[in-house]
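Undergrad: Sharing structure_15.cif here; it has mmCIF, C-alpha atoms.
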data_structure
#
loop_
_atom_site.group_PDB
_atom_site.id
_atom_site.type_symbol
_atom_site.label_atom_id
_atom_site.label_comp_id
_atom_site.auth_asym_id
_atom_site.auth_seq_id
_atom_site.Cartn_x
_atom_site.Cartn_y
_atom_site.Cartn_z
ATOM 1 C CA MET A 210 -1.041 0.398 17.286
ATOM 2 C CA SER A 211 0.321 3.582 15.765
ATOM 3 C CA ASN A 212 -1.516 6.881 16.089
ATOM 4 C CA ASN A 213 -2.370 6.752 12.388
ATOM 5 C CA ASN A 214 -3.935 3.316 12.838
ATOM 6 C CA LYS A 215 -5.808 4.413 15.966
ATOM 7 C CA THR A 216 -7.138 7.417 14.083
ATOM 8 C CA ALA A 217 -8.384 5.159 11.283
ATOM 9 C CA LEU A 218 -10.710 3.433 13.729
ATOM 10 C CA ILE A 219 -12.422 6.648 14.864
ATOM 11 C CA SER A 220 -14.393 7.664 11.786
ATOM 12 C CA VAL A 221 -14.967 6.678 8.194
ATOM 13 C CA GLU A 222 -13.417 9.987 7.094
ATOM 14 C CA ALA A 223 -10.216 9.203 9.006
ATOM 15 C CA PHE A 224 -10.165 5.677 7.548
ATOM 16 C CA ILE A 225 -10.448 7.111 4.037
ATOM 17 C CA GLU A 226 -7.444 9.363 4.710
ATOM 18 C CA VAL A 227 -5.392 6.376 5.916
ATOM 19 C CA ILE A 228 -6.442 4.407 2.820
ATOM 20 C CA LYS A 229 -5.206 7.177 0.532
ATOM 21 C CA ASP A 230 -1.974 7.584 2.509
ATOM 22 C CA GLN A 231 -1.144 3.897 2.417
ATOM 23 C CA ILE A 232 -1.845 3.522 -1.305
ATOM 24 C CA CYS A 233 0.155 6.648 -2.177
ATOM 25 C CA ASP A 234 3.056 5.475 0.004
ATOM 26 C CA TRP A 235 3.122 2.131 -1.841
ATOM 27 C CA ILE A 236 3.137 3.948 -5.191
ATOM 28 C CA TYR A 237 5.993 6.162 -3.955
ATOM 29 C CA TYR A 238 8.126 3.055 -3.369
ATOM 30 C CA HIS A 239 7.648 2.298 -7.071
ATOM 31 C CA HIS A 240 9.318 5.662 -7.751
ATOM 32 C CA CYS A 241 6.091 7.051 -9.167
ATOM 33 C CA GLN A 242 4.499 10.348 -8.282
ATOM 34 C CA SER A 243 1.211 9.799 -6.529
ATOM 35 C CA ASP A 244 -1.837 11.977 -6.112
ATOM 36 C CA ARG A 245 -4.296 11.266 -3.308
ATOM 37 C CA ASP A 246 -7.123 12.533 -5.526
ATOM 38 C CA LEU A 247 -6.519 9.638 -7.952
ATOM 39 C CA VAL A 248 -7.257 6.973 -5.315
ATOM 40 C CA ASP A 249 -10.664 5.610 -6.276
ATOM 41 C CA ILE A 250 -12.333 3.727 -3.426
ATOM 42 C CA ARG A 251 -14.657 1.222 -5.082
ATOM 43 C CA ASP A 252 -16.123 -0.429 -1.995
ATOM 44 C CA LEU A 253 -15.889 0.483 1.687
ATOM 45 C CA GLU A 254 -16.975 -1.373 4.811
ATOM 46 C CA PHE A 255 -16.548 0.372 8.154
ATOM 47 C CA LEU A 256 -17.636 -0.400 11.698
ATOM 48 C CA LYS A 257 -16.392 2.282 14.103
ATOM 49 C CA LYS A 258 -13.593 1.072 16.413
ATOM 50 C CA VAL A 259 -14.079 -2.520 15.223
ATOM 51 C CA SER A 260 -13.227 -3.144 11.575
ATOM 52 C CA GLY A 261 -12.841 -1.672 8.144
ATOM 53 C CA ARG A 262 -12.030 -2.818 4.636
ATOM 54 C CA ALA A 263 -11.700 -0.893 1.406
ATOM 55 C CA TYR A 264 -11.200 -1.940 -2.184
ATOM 56 C CA ALA A 265 -9.610 0.710 -4.353
ATOM 57 C CA THR A 266 -7.847 1.431 -7.608
ATOM 58 C CA TYR A 267 -5.500 4.210 -8.620
ATOM 59 C CA ASP A 268 -6.833 6.020 -11.665
ATOM 60 C CA ASP A 269 -3.635 6.874 -13.488
ATOM 61 C CA ASN A 270 -2.822 4.369 -16.204
ATOM 62 C CA LYS A 271 0.482 6.073 -16.900
ATOM 63 C CA TYR A 272 1.995 4.564 -13.756
ATOM 64 C CA CYS A 273 -0.040 2.264 -11.575
ATOM 65 C CA GLY A 274 -3.388 1.732 -13.271
ATOM 66 C CA GLN A 275 -3.166 -2.041 -13.308
ATOM 67 C CA TYR A 276 -3.124 -2.440 -9.526
ATOM 68 C CA PHE A 277 -6.009 -3.248 -7.217
ATOM 69 C CA PHE A 278 -5.606 -2.267 -3.560
ATOM 70 C CA ILE A 279 -7.199 -3.739 -0.443
ATOM 71 C CA VAL A 280 -6.767 -1.787 2.806
ATOM 72 C CA TYR A 281 -8.104 -3.292 6.011
ATOM 73 C CA PHE A 282 -7.889 -3.413 9.776
ATOM 74 C CA ASP A 283 -6.397 -6.534 11.265
ATOM 75 C CA ASN A 284 -7.957 -6.632 14.712
ATOM 76 C CA GLU A 285 -5.631 -9.387 15.948
ATOM 77 C CA LYS A 286 -2.478 -7.503 14.949
ATOM 78 C CA LYS A 287 -4.025 -4.126 15.810
ATOM 79 C CA GLY A 288 -3.044 -2.486 12.562
ATOM 80 C CA VAL A 289 -4.077 -1.243 9.152
ATOM 81 C CA TYR A 290 -2.650 -3.298 6.314
ATOM 82 C CA LEU A 291 -2.413 -3.115 2.532
ATOM 83 C CA ASP A 292 -2.578 -5.899 -0.046
ATOM 84 C CA VAL A 293 -1.776 -5.100 -3.668
ATOM 85 C CA ILE A 294 -2.867 -7.206 -6.620
ATOM 86 C CA ASP A 295 -1.627 -6.818 -10.178
ATOM 87 C CA ASN A 296 -4.861 -7.491 -12.000
ATOM 88 C CA SER A 297 -3.439 -7.406 -15.502
ATOM 89 C CA VAL A 298 -4.476 -10.290 -17.737
ATOM 90 C CA GLU A 299 -0.932 -11.639 -17.854
ATOM 91 C CA ARG A 300 -0.309 -11.678 -14.100
ATOM 92 C CA ASN A 301 -3.290 -11.518 -11.742
ATOM 93 C CA ALA A 302 -0.832 -11.898 -8.853
ATOM 94 C CA ARG A 303 -0.693 -10.633 -5.272
ATOM 95 C CA LEU A 304 2.392 -8.416 -5.167
ATOM 96 C CA THR A 305 2.196 -7.137 -1.607
ATOM 97 C CA TYR A 306 0.613 -8.883 1.365
ATOM 98 C CA GLN A 307 -0.186 -7.277 4.729
ATOM 99 C CA TRP A 308 2.107 -4.246 4.397
ATOM 100 C CA ASN A 309 1.716 -2.073 7.479
ATOM 101 C CA GLY A 310 2.895 1.129 5.808
ATOM 102 C CA PHE A 311 5.819 1.596 8.193
ATOM 103 C CA THR A 312 8.473 -0.721 6.776
ATOM 104 C CA TYR A 313 10.538 -0.013 3.681
ATOM 105 C CA LEU A 314 9.652 -1.849 0.488
ATOM 106 C CA GLY A 315 11.850 -3.234 -2.246
ATOM 107 C CA PHE A 316 10.639 -4.823 -5.481
ATOM 108 C CA ASP A 317 12.099 -7.598 -7.574
ATOM 109 C CA LYS A 318 12.081 -7.665 -11.385
ATOM 110 C CA LYS A 319 8.661 -9.335 -11.414
ATOM 111 C CA GLY A 320 7.181 -6.581 -9.235
ATOM 112 C CA TYR A 321 6.782 -8.559 -6.009
ATOM 113 C CA SER A 322 7.455 -6.527 -2.892
ATOM 114 C CA TYR A 323 9.648 -7.363 0.081
ATOM 115 C CA GLU A 324 9.858 -5.628 3.429
ATOM 116 C CA LEU A 325 13.301 -4.177 4.062
ATOM 117 C CA THR A 326 15.177 -2.557 6.887
ATOM 118 C CA GLN A 327 16.284 1.031 6.343
ATOM 119 C CA LYS A 328 19.866 -0.188 5.860
ATOM 120 C CA GLU A 329 18.792 -2.665 3.157
ATOM 121 C CA TYR A 330 16.629 -0.058 1.444
ATOM 122 C CA ASP A 331 19.433 2.539 1.437
ATOM 123 C CA TYR A 332 21.854 -0.040 0.027
ATOM 124 C CA LEU A 333 19.491 -0.901 -2.837
ATOM 125 C CA GLU A 334 18.880 2.770 -3.610
ATOM 126 C CA ARG A 335 22.642 3.421 -3.779
ATOM 127 C CA ALA A 336 23.117 0.383 -6.011
ATOM 128 C CA LYS A 337 20.366 1.573 -8.399
ATOM 129 C CA ALA A 338 21.874 5.070 -8.506
ATOM 130 C CA SER A 339 25.319 3.687 -9.357
ATOM 131 C CA LEU A 340 23.851 1.836 -12.370
ATOM 132 C CA THR A 341 22.398 4.960 -13.931
#
Spell out the structure here as structure tokens.

TA:
Amino acid sequence: MSNNNKTALISVEAFIEVIKDQICDWIYYHHCQSDRDLVDIRDLEFLKKVSGRAYATYDDNKYCGQYFFIVYFDNEKKGVYLDVIDNSVERNARLTYQWNGFTYLGFDKKGYSYELTQKEYDYLERAKASLT
């Protein structure tokens, strides 16, 4: 378990910081600016050193307002993970499942995420830059 994940288990305040970090990191991969103050935690369950789950939105409709975030401990895998759901009327689809916050993410045209190696991520970024 990473230090960040270990810290999340210590206190509810630390867990809230990890929640905001993980959501803002996911938004960053969408090439959007993120602001930790716009993470709105709607529901939070926390049991010190045992489990935690948070349901959150990001209150900025300009970029990522349609997404619903679930951040939780996975005690078996010893980590903090993020699920992302596009809750728009047209989609209502899970875009990201059990992202640990440490791997690179790429997105297809439909918005679904895929974990990438750094080499794969760098290649895609270069390809995008060459198209613009």

Undergrad: I'd like the neighbourhood of Gln307 in chain A as a PDB file with C-alpha atoms, in the frame of the given file, where a residue qualifies if any of its atoms comes within 9 Å (using only C-alpha atoms), though same-chain residues fewer than 5 positions away should be ignored.

TA:
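Result went into selection_15.pdb, see below:
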ATOM      1  CA  VAL A 280      -6.767  -1.787   2.806  1.00  0.00           C
ATOM      2  CA  TYR A 281      -8.104  -3.292   6.011  1.00  0.00           C
ATOM      3  CA  VAL A 289      -4.077  -1.243   9.152  1.00  0.00           C
ATOM      4  CA  TYR A 290      -2.650  -3.298   6.314  1.00  0.00           C
ATOM      5  CA  LEU A 291      -2.413  -3.115   2.532  1.00  0.00           C
ATOM      6  CA  ASP A 292      -2.578  -5.899  -0.046  1.00  0.00           C
ATOM      7  CA  VAL A 293      -1.776  -5.100  -3.668  1.00  0.00           C
TER       8      VAL A 293
END

Undergrad: Please, what distance in Å, to one decimal, runs between CA of Leu340 in chain A and CA of Lys318 in chain A?

TA: 15.2 Å

Undergrad: Please write as a ChimeraX atom specification the full residue list that the PyMOL selection byres ((chain A and resi 235) around 9) yields on this file.

TA: /A:230-234,236-239,291,293,308,310,314

Undergrad: To verify the selection step, state as a ChimeraX atom specification which residues the PyMOL selection byres ((chain A and resi 229) around 10) yields on this input.

TA: /A:224-228,230-234,243-250,265,267,280

Undergrad: Just write the chosen residues, C-alpha atoms, as an mmCIF file, in the coordinates of the input.

TA:
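Result saved to part_27.cif:
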data_model
loop_
_atom_site.group_PDB
_atom_site.id
_atom_site.type_symbol
_atom_site.label_atom_id
_atom_site.label_comp_id
_atom_site.auth_asym_id
_atom_site.auth_seq_id
_atom_site.Cartn_x
_atom_site.Cartn_y
_atom_site.Cartn_z
ATOM 1 C CA PHE A 224 -10.165 5.677 7.548
ATOM 2 C CA ILE A 225 -10.448 7.111 4.037
ATOM 3 C CA GLU A 226 -7.444 9.363 4.710
ATOM 4 C CA VAL A 227 -5.392 6.376 5.916
ATOM 5 C CA ILE A 228 -6.442 4.407 2.820
ATOM 6 C CA ASP A 230 -1.974 7.584 2.509
ATOM 7 C CA GLN A 231 -1.144 3.897 2.417
ATOM 8 C CA ILE A 232 -1.845 3.522 -1.305
ATOM 9 C CA CYS A 233 0.155 6.648 -2.177
ATOM 10 C CA ASP A 234 3.056 5.475 0.004
ATOM 11 C CA SER A 243 1.211 9.799 -6.529
ATOM 12 C CA ASP A 244 -1.837 11.977 -6.112
ATOM 13 C CA ARG A 245 -4.296 11.266 -3.308
ATOM 14 C CA ASP A 246 -7.123 12.533 -5.526
ATOM 15 C CA LEU A 247 -6.519 9.638 -7.952
ATOM 16 C CA VAL A 248 -7.257 6.973 -5.315
ATOM 17 C CA ASP A 249 -10.664 5.610 -6.276
ATOM 18 C CA ILE A 250 -12.333 3.727 -3.426
ATOM 19 C CA ALA A 265 -9.610 0.710 -4.353
ATOM 20 C CA TYR A 267 -5.500 4.210 -8.620
ATOM 21 C CA VAL A 280 -6.767 -1.787 2.806
#

Undergrad: Quick one: apply the PyMOL selection byres ((chain A and resi 263) around 6) to the file and drop the selected residues here as an mmCIF file with C-alpha atoms, keeping the file's coordinate frame.

TA:
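The resulting selection.cif:
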data_model
loop_
_atom_site.group_PDB
_atom_site.id
_atom_site.type_symbol
_atom_site.label_atom_id
_atom_site.label_comp_id
_atom_site.auth_asym_id
_atom_site.auth_seq_id
_atom_site.Cartn_x
_atom_site.Cartn_y
_atom_site.Cartn_z
ATOM 1 C CA ASP A 252 -16.123 -0.429 -1.995
ATOM 2 C CA LEU A 253 -15.889 0.483 1.687
ATOM 3 C CA ARG A 262 -12.030 -2.818 4.636
ATOM 4 C CA TYR A 264 -11.200 -1.940 -2.184
ATOM 5 C CA ILE A 279 -7.199 -3.739 -0.443
ATOM 6 C CA VAL A 280 -6.767 -1.787 2.806
#

Undergrad: In Å to one decimal, how far is CA of Gly288 in chain A from CA of Arg251 in chain A?

TA: 21.4 Å

Undergrad: Hey, which of A:Phe311, A:Phe282, A:Phe316, A:Tyr306 ends up closest to Leu333 in chain A? Count only C-alpha atoms.

TA: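 When distances to Leu333 in chain A are compared using only C-alpha atoms, the smallest one comes from A:Phe316.
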
Undergrad: Could you check how far CA of Asn301 in chain A sits from CA of Tyr321 in chain A, in Å to one decimal?

TA: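 The value is 12.0 Å.
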
Undergrad: Give, as AutoDock Vina command-line options, the centre coordinates and the x, y and z edge lengths in Å to one decimal for an axis-aligned box around all listed atoms of range 217-236 of chain A, padded by 4 Å on each side.

TA:
--center_x -5.9 --center_y 6.1 --center_z 4.8 --size_x 26.1 --size_y 15.9 --size_z 28.1

Undergrad: Smallest atom-to-atom distance to Lys337 in chain A: which of A:Gly315, A:Ser260, A:Phe278, A:Glu324, using all atoms listed in the file?

TA: A:Gly315
